[in-house]
Every structure is written in C-alpha cells, then in structure tokens.
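A.B. asks: So that you have it, the file is coords_0.pdb, and it contains PDB, C-alpha atoms and all ligand atoms:
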MODEL        1
ATOM      1  CA  MET A   1      -6.583 -22.045  23.215  1.00  0.00           C
ATOM      2  CA  PRO A   2      -3.983 -19.341  23.872  1.00  0.00           C
ATOM      3  CA  GLU A   3      -0.632 -20.406  25.261  1.00  0.00           C
ATOM      4  CA  GLU A   4      -0.089 -19.698  28.971  1.00  0.00           C
ATOM      5  CA  PRO A   5       2.298 -16.778  29.460  1.00  0.00           C
ATOM      6  CA  CYS A   6       5.707 -17.755  30.830  1.00  0.00           C
ATOM      7  CA  GLN A   7       5.881 -17.543  34.633  1.00  0.00           C
ATOM      8  CA  CYS A   8       9.645 -17.518  35.177  1.00  0.00           C
ATOM      9  CA  PRO A   9      10.899 -14.826  37.619  1.00  0.00           C
ATOM     10  CA  ASP A  10      12.183 -12.568  34.816  1.00  0.00           C
ATOM     11  CA  CYS A  11       8.863 -12.643  32.978  1.00  0.00           C
ATOM     12  CA  GLN A  12       6.907 -12.090  36.177  1.00  0.00           C
ATOM     13  CA  ARG A  13       9.061  -9.085  36.985  1.00  0.00           C
ATOM     14  CA  PHE A  14       8.386  -7.815  33.457  1.00  0.00           C
ATOM     15  CA  TYR A  15       4.600  -8.283  33.778  1.00  0.00           C
ATOM     16  CA  ARG A  16       4.618  -6.417  37.096  1.00  0.00           C
ATOM     17  CA  GLU A  17       6.657  -3.554  35.656  1.00  0.00           C
ATOM     18  CA  HIS A  18       4.526  -3.483  32.512  1.00  0.00           C
ATOM     19  CA  ASP A  19       1.330  -3.264  34.535  1.00  0.00           C
ATOM     20  CA  ARG A  20       2.773  -0.671  36.890  1.00  0.00           C
ATOM     21  CA  LEU A  21       3.713   1.576  33.954  1.00  0.00           C
ATOM     22  CA  ILE A  22       0.164   1.355  32.626  1.00  0.00           C
ATOM     23  CA  ARG A  23      -1.363   1.925  36.060  1.00  0.00           C
ATOM     24  CA  GLU A  24       0.809   4.932  36.865  1.00  0.00           C
ATOM     25  CA  ASN A  25       0.659   6.442  33.347  1.00  0.00           C
ATOM     26  CA  PRO A  26      -2.882   5.771  32.164  1.00  0.00           C
ATOM     27  CA  THR A  27      -3.184   8.480  29.464  1.00  0.00           C
ATOM     28  CA  LEU A  28      -1.684   8.976  26.026  1.00  0.00           C
ATOM     29  CA  ARG A  29       0.015  12.139  27.268  1.00  0.00           C
ATOM     30  CA  GLN A  30       1.595  10.339  30.220  1.00  0.00           C
ATOM     31  CA  GLN A  31       2.750   7.413  28.074  1.00  0.00           C
ATOM     32  CA  GLN A  32       4.342   9.893  25.663  1.00  0.00           C
ATOM     33  CA  GLU A  33       6.169  11.649  28.484  1.00  0.00           C
ATOM     34  CA  LEU A  34       7.233   8.380  30.076  1.00  0.00           C
ATOM     35  CA  SER A  35       8.717   6.987  26.858  1.00  0.00           C
ATOM     36  CA  TRP A  36      10.396  10.257  26.035  1.00  0.00           C
ATOM     37  CA  ALA A  37      12.005  10.514  29.467  1.00  0.00           C
ATOM     38  CA  ALA A  38      13.164   6.877  29.296  1.00  0.00           C
ATOM     39  CA  LEU A  39      14.680   7.373  25.846  1.00  0.00           C
ATOM     40  CA  GLN A  40      16.406  10.620  26.796  1.00  0.00           C
ATOM     41  CA  SER A  41      17.854   9.278  30.031  1.00  0.00           C
ATOM     42  CA  PHE A  42      19.168   6.217  28.141  1.00  0.00           C
ATOM     43  CA  ARG A  43      20.751   8.459  25.491  1.00  0.00           C
ATOM     44  CA  THR A  44      22.277  10.859  28.011  1.00  0.00           C
ATOM     45  CA  LEU A  45      23.865   8.103  30.083  1.00  0.00           C
ATOM     46  CA  ALA A  46      25.029   5.838  27.237  1.00  0.00           C
ATOM     47  CA  GLY A  47      26.344   8.813  25.266  1.00  0.00           C
ATOM     48  CA  ARG A  48      28.287  10.123  28.228  1.00  0.00           C
ATOM     49  CA  VAL A  49      29.825   6.698  28.997  1.00  0.00           C
ATOM     50  CA  LEU A  50      30.893   6.288  25.375  1.00  0.00           C
ATOM     51  CA  GLU A  51      32.440   9.756  25.324  1.00  0.00           C
ATOM     52  CA  ASP A  52      34.321   9.123  28.554  1.00  0.00           C
ATOM     53  CA  LEU A  53      35.644   5.716  27.474  1.00  0.00           C
ATOM     54  CA  GLN A  54      36.745   7.029  24.092  1.00  0.00           C
ATOM     55  CA  LYS A  55      38.912   9.640  25.812  1.00  0.00           C
ATOM     56  CA  THR A  56      40.815   6.972  27.730  1.00  0.00           C
ATOM     57  CA  GLN A  57      41.276   4.636  24.753  1.00  0.00           C
ATOM     58  CA  PRO A  58      44.789   4.324  23.280  1.00  0.00           C
ATOM     59  CA  ASP A  59      45.373   5.404  19.696  1.00  0.00           C
ATOM     60  CA  PRO A  60      43.459   2.896  17.552  1.00  0.00           C
ATOM     61  CA  ASP A  61      46.065   3.001  14.756  1.00  0.00           C
ATOM     62  CA  PRO A  62      47.975  -0.297  15.097  1.00  0.00           C
ATOM     63  CA  ALA A  63      51.050   1.007  13.234  1.00  0.00           C
ATOM     64  CA  LEU A  64      51.421   3.839  15.736  1.00  0.00           C
ATOM     65  CA  ALA A  65      50.759   1.584  18.689  1.00  0.00           C
ATOM     66  CA  SER A  66      53.374  -0.994  17.731  1.00  0.00           C
ATOM     67  CA  ALA A  67      55.873   1.677  16.704  1.00  0.00           C
ATOM     68  CA  ALA A  68      55.578   3.227  20.133  1.00  0.00           C
ATOM     69  CA  SER A  69      55.877   0.134  22.255  1.00  0.00           C
ATOM     70  CA  GLY A  70      56.824  -2.817  20.085  1.00  0.00           C
ATOM     71  CA  PRO A  71      54.684  -5.958  19.902  1.00  0.00           C
ATOM     72  CA  ALA A  72      53.502  -7.184  23.302  1.00  0.00           C
ATOM     73  CA  ALA A  73      55.920  -4.855  25.059  1.00  0.00           C
ATOM     74  CA  THR A  74      53.329  -3.344  27.399  1.00  0.00           C
ATOM     75  CA  GLY A  75      51.301  -6.383  28.245  1.00  0.00           C
ATOM     76  CA  GLY A  76      50.616 -10.039  27.807  1.00  0.00           C
ATOM     77  CA  PRO A  77      47.663 -11.798  26.207  1.00  0.00           C
ATOM     78  CA  ALA A  78      45.361 -10.727  29.061  1.00  0.00           C
ATOM     79  CA  ASP A  79      45.868  -7.071  28.156  1.00  0.00           C
ATOM     80  CA  ALA A  80      45.228  -7.775  24.490  1.00  0.00           C
ATOM     81  CA  GLY A  81      42.027  -9.590  25.418  1.00  0.00           C
ATOM     82  CA  ASP A  82      40.926  -6.723  27.625  1.00  0.00           C
ATOM     83  CA  GLN A  83      41.584  -4.228  24.860  1.00  0.00           C
ATOM     84  CA  GLU A  84      39.669  -6.328  22.385  1.00  0.00           C
ATOM     85  CA  ALA A  85      36.702  -6.575  24.750  1.00  0.00           C
ATOM     86  CA  MET A  86      36.834  -2.817  25.311  1.00  0.00           C
ATOM     87  CA  ALA A  87      36.994  -2.107  21.567  1.00  0.00           C
ATOM     88  CA  GLN A  88      33.988  -4.390  21.056  1.00  0.00           C
ATOM     89  CA  ALA A  89      32.087  -2.664  23.862  1.00  0.00           C
ATOM     90  CA  LEU A  90      32.799   0.753  22.334  1.00  0.00           C
ATOM     91  CA  ALA A  91      31.549  -0.449  18.947  1.00  0.00           C
ATOM     92  CA  ASP A  92      28.403  -1.833  20.613  1.00  0.00           C
ATOM     93  CA  LEU A  93      27.804   1.428  22.456  1.00  0.00           C
ATOM     94  CA  GLU A  94      28.263   3.405  19.254  1.00  0.00           C
ATOM     95  CA  ASN A  95      25.625   1.201  17.631  1.00  0.00           C
ATOM     96  CA  ILE A  96      23.256   1.629  20.549  1.00  0.00           C
ATOM     97  CA  ASN A  97      23.646   5.392  20.436  1.00  0.00           C
ATOM     98  CA  ALA A  98      23.027   5.447  16.688  1.00  0.00           C
ATOM     99  CA  HIS A  99      19.868   3.380  17.173  1.00  0.00           C
ATOM    100  CA  LEU A 100      18.665   5.553  20.029  1.00  0.00           C
ATOM    101  CA  PHE A 101      19.127   8.563  17.786  1.00  0.00           C
ATOM    102  CA  SER A 102      16.970   6.925  15.076  1.00  0.00           C
ATOM    103  CA  ILE A 103      14.328   5.949  17.624  1.00  0.00           C
ATOM    104  CA  GLU A 104      14.213   9.528  18.861  1.00  0.00           C
ATOM    105  CA  ALA A 105      13.488  10.755  15.325  1.00  0.00           C
ATOM    106  CA  LEU A 106      10.616   8.261  15.037  1.00  0.00           C
ATOM    107  CA  MET A 107       9.293   9.036  18.492  1.00  0.00           C
ATOM    108  CA  GLU A 108       9.062  12.750  17.790  1.00  0.00           C
ATOM    109  CA  ARG A 109       6.216  11.973  15.394  1.00  0.00           C
ATOM    110  CA  ILE A 110       4.388   9.992  18.074  1.00  0.00           C
ATOM    111  CA  PHE A 111       4.848  12.815  20.557  1.00  0.00           C
ATOM    112  CA  ASP A 112       3.358  15.490  18.323  1.00  0.00           C
ATOM    113  CA  VAL A 113      -0.071  13.881  18.659  1.00  0.00           C
ATOM    114  CA  ARG A 114      -2.657  15.356  21.013  1.00  0.00           C
ATOM    115  CA  VAL A 115      -6.082  13.773  21.504  1.00  0.00           C
ATOM    116  CA  PRO A 116      -9.370  15.119  22.895  1.00  0.00           C
ATOM    117  CA  GLU A 117     -10.187  14.545  26.550  1.00  0.00           C
ATOM    118  CA  ALA A 118     -12.778  11.896  25.600  1.00  0.00           C
ATOM    119  CA  VAL A 119     -10.004   9.774  24.098  1.00  0.00           C
ATOM    120  CA  GLU A 120      -7.773  10.281  27.137  1.00  0.00           C
ATOM    121  CA  GLN A 121     -10.721   9.135  29.222  1.00  0.00           C
ATOM    122  CA  LYS A 122     -10.874   5.953  27.131  1.00  0.00           C
ATOM    123  CA  PHE A 123      -7.154   5.446  27.801  1.00  0.00           C
ATOM    124  CA  ARG A 124      -7.772   5.732  31.555  1.00  0.00           C
ATOM    125  CA  GLU A 125     -10.717   3.373  31.405  1.00  0.00           C
ATOM    126  CA  LEU A 126      -8.829   0.629  29.541  1.00  0.00           C
ATOM    127  CA  ALA A 127      -5.686   1.150  31.640  1.00  0.00           C
ATOM    128  CA  GLY A 128      -7.801   0.311  34.674  1.00  0.00           C
ATOM    129  CA  GLU A 129      -8.937  -2.901  32.984  1.00  0.00           C
ATOM    130  CA  LEU A 130      -5.505  -3.915  31.718  1.00  0.00           C
ATOM    131  CA  ALA A 131      -3.584  -3.149  34.874  1.00  0.00           C
ATOM    132  CA  PRO A 132      -5.917  -2.831  37.836  1.00  0.00           C
ATOM    133  CA  ASP A 133      -4.524  -1.812  41.188  1.00  0.00           C
ATOM    134  CA  PRO A 134      -3.154  -5.107  42.576  1.00  0.00           C
ATOM    135  CA  LEU A 135      -4.577  -4.248  45.985  1.00  0.00           C
ATOM    136  CA  ASN A 136      -7.959  -3.386  44.508  1.00  0.00           C
ATOM    137  CA  ALA A 137     -10.778  -5.497  45.964  1.00  0.00           C
ATOM    138  CA  ASP A 138     -11.989  -6.780  42.575  1.00  0.00           C
ATOM    139  CA  ARG A 139      -8.494  -7.866  41.632  1.00  0.00           C
ATOM    140  CA  LEU A 140      -8.021  -9.723  44.930  1.00  0.00           C
ATOM    141  CA  ARG A 141     -11.345 -11.482  44.456  1.00  0.00           C
ATOM    142  CA  LEU A 142     -10.421 -12.420  40.883  1.00  0.00           C
ATOM    143  CA  ASN A 143      -7.062 -13.792  42.039  1.00  0.00           C
ATOM    144  CA  ARG A 144      -8.772 -15.946  44.626  1.00  0.00           C
ATOM    145  CA  LEU A 145     -11.156 -17.288  41.983  1.00  0.00           C
ATOM    146  CA  LEU A 146      -8.275 -18.050  39.606  1.00  0.00           C
ATOM    147  CA  HIS A 147      -6.352 -19.873  42.291  1.00  0.00           C
ATOM    148  CA  GLN A 148      -9.349 -22.026  43.069  1.00  0.00           C
ATOM    149  CA  THR A 149      -9.594 -23.155  39.448  1.00  0.00           C
ATOM    150  CA  PRO A 150      -8.181 -26.678  39.506  1.00  0.00           C
ATOM    151  CA  ASP A 151      -6.555 -26.718  36.041  1.00  0.00           C
ATOM    152  CA  LEU A 152      -4.418 -23.636  36.669  1.00  0.00           C
ATOM    153  CA  PRO A 153      -0.993 -24.065  38.268  1.00  0.00           C
ATOM    154  CA  GLY A 154      -0.432 -22.354  41.613  1.00  0.00           C
TER
HETATM  155 ZN    ZN B 201       9.938 -16.288  31.202  1.00  0.00          ZN
ENDMDL
END
How does this structure look as structure tokens?

C.D. replies:
Amino acid sequence: MPEEPCQCPDCQRFYREHDRLIRENPTLRQQQELSWAALQSFRTLAGRVLEDLQKTQPDPDPALASAASGPAATGGPADAGDQEAMAQALADLENINAHLFSIEALMERIFDVRVPEAVEQKFRELAGELAPDPLNADRLRLNRLLHQTPDLPG
C-alpha cells in the first residue's frame, strides 16, 4: 500500500502550486516556456544581487585590510561575524549562479523539442486528469466521496 502523502501546510501549499502549474500549463510547449521563464528570472535576479553585493564588499585580501585599519580597529566581533556571514552568502550565491548556468545548458536541449499536435493533445488530456480544476463538479464530488471514507483522515 502506498504511503499517504504528507499533509503539513508546506506540502499542501506545494501540491496546490504543483497542480496549478499543470492546470495552467497543460502542454509540452507551455511547460517548456514556464520552466525557461522561471530559470531566467531566477538567474537575472540572483546574478544582479550578487553583482551588487560584490561591489560593496571590502577588499578580500586580509593583508591589505589589516594594513589599512589594524586588527579590529573598525569594529568588534559583531562586525567580523557579519562580514563572515556576508562572505558565506556571496560564496553560496556564486554557487547558485554557477548551477543555474549549468541547468540552463541542460534545459536548452529540452526546449529544442517540438511534438505533433496529437502529442500535445495527450498532454492536455492527462493534465486534466492529474490536476483537474478544483472547482470542477467531478472533483467536488470526488472530494465528498473521499471525505466520507471512514479510514481517511479529515
Ligand atoms: Zn510535509
């Protein structure tokens, strides 16, 4: 028997979003465009933030930094901690951007594919099964049936 999917608020939000993306983008073409737009917007924003933060960072060379100000001259331990957290965040963002770049290269191959209309029709058909309109009459009836089943929670 398959395990019941988790019903915590985060997972439920994910299921809703997942289903909405299928419902609103029920063809291969639309899924390609959706993923591409999501990837590009992520890259644009994260890349721009990284670029901006790097401009405001002090010189990373510790010899220069201590020569200029002496040890702990410009701030206490809180400042050092802040700088460390910022340096870590910049390294994380650099990693994210490098990964997004790799994903883009992989995705380009997925996005070159075009399928005949009959296959797109199959996409639409199964999208309707996987993520039916939540206000659709069949779905409401099914929900009522499920909620009457005694061994299901809710
Ligand atoms: Zn969960």

A.B. asks: Around ligand ZN 201 (chain B), which protein and nucleic acid residues have at least one atom no more than 8 Å from it, if we count all atoms listed in the file? List them as a VMD selection string.

C.D. replies: chain A and resid 5 to 12

A.B. asks: With only C-alpha atoms as the counted atoms, please give the residues lying no more than 12 Å from Arg114 (chain A), apart from itself and same-chain residues fewer than 6 positions off, as a list in words.

C.D. replies: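 Near neighbours after the sequence-gap exclusion: Thr27, Leu28, Arg29, Gln30, Gln31, Gln32 and Glu120 of chain A.
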
A.B. asks: For the structure provided, state which residues fall under the PyMOL selection byres (((chain A and resi 36) around 12) and not hetatm), and present them as a count of residues only.

C.D. replies: 25

A.B. asks: Which residue is closest to Arg23 (chain A)? Choose from A:Glu4, A:Glu117, A:Glu94, A:Asp133 and count only C-alpha atoms.

C.D. replies: A:Asp133

A.B. asks: Using only C-alpha atoms, can you tell me which of A:Arg20, A:Arg13, A:Asn25, A:Ala46 comes closest to Ile96 (chain A)?

C.D. replies: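 Nearest candidate to Ile96 (chain A) out of A:Arg20, A:Arg13, A:Asn25, A:Ala46: A:Ala46.
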
A.B. asks: Here is a test: counting only C-alpha atoms, which residue of A:Glu51, A:Pro26, A:His99, A:His18 is nearest to Phe123 (chain A)?

C.D. replies: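 Closest to Phe123 (chain A) of all the choices is A:Pro26.
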
A.B. asks: One decimal, in Å: what's the spacing between CA of Ala98 (chain A) and CA of Val113 (chain A)?

C.D. replies: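 CA of Val113 (chain A) lies at a distance of 24.7 Å from CA of Ala98 (chain A).
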
A.B. asks: Between CA of Lys122 (chain A) and CA of Ile22 (chain A), what distance in Å does the model show, to one decimal?

C.D. replies: 13.2 Å

A.B. asks: Between CA of Leu50 (chain A) and CA of Leu93 (chain A), what is the distance, to one decimal in Å?

C.D. replies: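 CA of Leu93 (chain A) lies 6.5 Å from CA of Leu50 (chain A).
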
A.B. asks: For region 19-30 of chain A, take all atoms listed in the file, fit an axis-aligned box around them, add 4 Å to each of the six sides, then output centre and edge lengths in Å rounded to one decimal, as JSON.

C.D. replies:
{"center_x": 0.3, "center_y": 4.4, "center_z": 31.5, "size_x": 14.9, "size_y": 23.4, "size_z": 18.9}
